[in-house]
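This report refers to the structure that appears directly beneath it.
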Amino acid sequence: MKTERVKRLVAACAVGGAALVGAQAVSAKDGDVLVRGTCTKASASKLKLSEEDGRIEVEFEVDQNRNGVRWTIVLRRPSAILVRTTRVTRAPSGSFELRRVVADLAGRDRISARATSPSGEVCRATAAF
């Protein structure tokens, strides 16, 4: 299964120019896709996609370095919203993480995450798996 995932990732790079959109790649476990997102203010975000029992584990994290801030998060594919929820930054780092396991669409998985704070800060990350 891991070999097939690597082949799809290589194909996505060749066809689309890159498997990562609007973000920088950072190191991850073999077979995982991990990107550093962008934020409109001082926060930092990252999105990780990994295989889990034939499905895709999606982990989106925002680090604001401030506790108690409620963020609204939307995870989506180009054609559908996967989840819309809220998370509150917690001690000790002033961050939150959202984790979901979603269906694997066999090579058509481009997942985007967007988080918005009450102050209007927006963090985004997109990755293809």
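Going by the structure tokens order, chains are called A, B, ..., each with residues numbered from 1, while ligands are numbered from 1 in the order shown.
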
query: Using only C-alpha atoms, which residues sit within 8 Å of Asp104 in chain A once same-chain residues fewer than 3 positions away are excluded, as JSON, numbers by chain?
result: {"A": [54, 55, 56, 107, 109]}

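One finds CA of Asp63 in chain A at 11.5 Å from CA of Thr38 in chain A.
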
query: Any idea what's packed within 9 Å of Lys41 in chain A, counting only C-alpha atoms, ignoring anything in its chain fewer than 4 positions away? Could you give it as a PyMOL selection string?
result: chain A and resi 121-123

Hey, can you spit out that residue selection with all heavy atoms as a PDB file, in the first residue's frame?
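Generated output (selection_34.pdb):
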```pdb
ATOM      1  N   GLU A 121      -7.638  36.854  11.872  1.00  0.00           N
ATOM      2  CA  GLU A 121      -6.467  36.149  11.336  1.00  0.00           C
ATOM      3  C   GLU A 121      -6.930  34.873  10.636  1.00  0.00           C
ATOM      4  O   GLU A 121      -7.824  34.177  11.116  1.00  0.00           O
ATOM      5  CB  GLU A 121      -5.477  35.791  12.441  1.00  0.00           C
ATOM      6  CG  GLU A 121      -4.271  35.081  11.906  1.00  0.00           C
ATOM      7  CD  GLU A 121      -3.186  34.836  12.938  1.00  0.00           C
ATOM      8  OE1 GLU A 121      -3.438  35.000  14.147  1.00  0.00           O
ATOM      9  OE2 GLU A 121      -2.071  34.476  12.530  1.00  0.00           O
ATOM     10  N   VAL A 122      -6.307  34.565   9.504  1.00  0.00           N
ATOM     11  CA  VAL A 122      -6.649  33.372   8.738  1.00  0.00           C
ATOM     12  C   VAL A 122      -5.371  32.552   8.513  1.00  0.00           C
ATOM     13  O   VAL A 122      -4.353  33.103   8.094  1.00  0.00           O
ATOM     14  CB  VAL A 122      -7.280  33.740   7.373  1.00  0.00           C
ATOM     15  CG1 VAL A 122      -7.561  32.481   6.560  1.00  0.00           C
ATOM     16  CG2 VAL A 122      -8.551  34.524   7.574  1.00  0.00           C
ATOM     17  N   CYS A 123      -5.466  31.254   8.789  1.00  0.00           N
ATOM     18  CA  CYS A 123      -4.366  30.327   8.506  1.00  0.00           C
ATOM     19  C   CYS A 123      -4.880  29.320   7.500  1.00  0.00           C
ATOM     20  O   CYS A 123      -5.993  28.806   7.639  1.00  0.00           O
ATOM     21  CB  CYS A 123      -3.910  29.602   9.769  1.00  0.00           C
ATOM     22  SG  CYS A 123      -3.140  30.686  10.987  1.00  0.00           S
TER      23      CYS A 123
END
```

task: Find, counting only C-alpha atoms, the residue in A:Leu49, A:Val69, A:Ala103, A:Val74 that gets nearest to Val88 in chain A.
output: A:Val69

- prompt: Please, what distance in Å, to one decimal, runs between CA of Ala91 in chain A and CA of Thr126 in chain A?
  reply: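 If I compute the distance from CA of Ala91 in chain A to CA of Thr126 in chain A, I get 26.2 Å.
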
task: Can you work out the spacing between CA of Arg100 in chain A and CA of Val83 in chain A in Å, to one decimal?
output: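 One can read the CA of Arg100 in chain A to CA of Val83 in chain A distance as 8.6 Å.
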
query: Of the candidates A:Asn67, A:Ser79, A:Ser45, A:Ser117, which one gets nearest to Leu98 in chain A if we count only C-alpha atoms?
result: A:Ser45
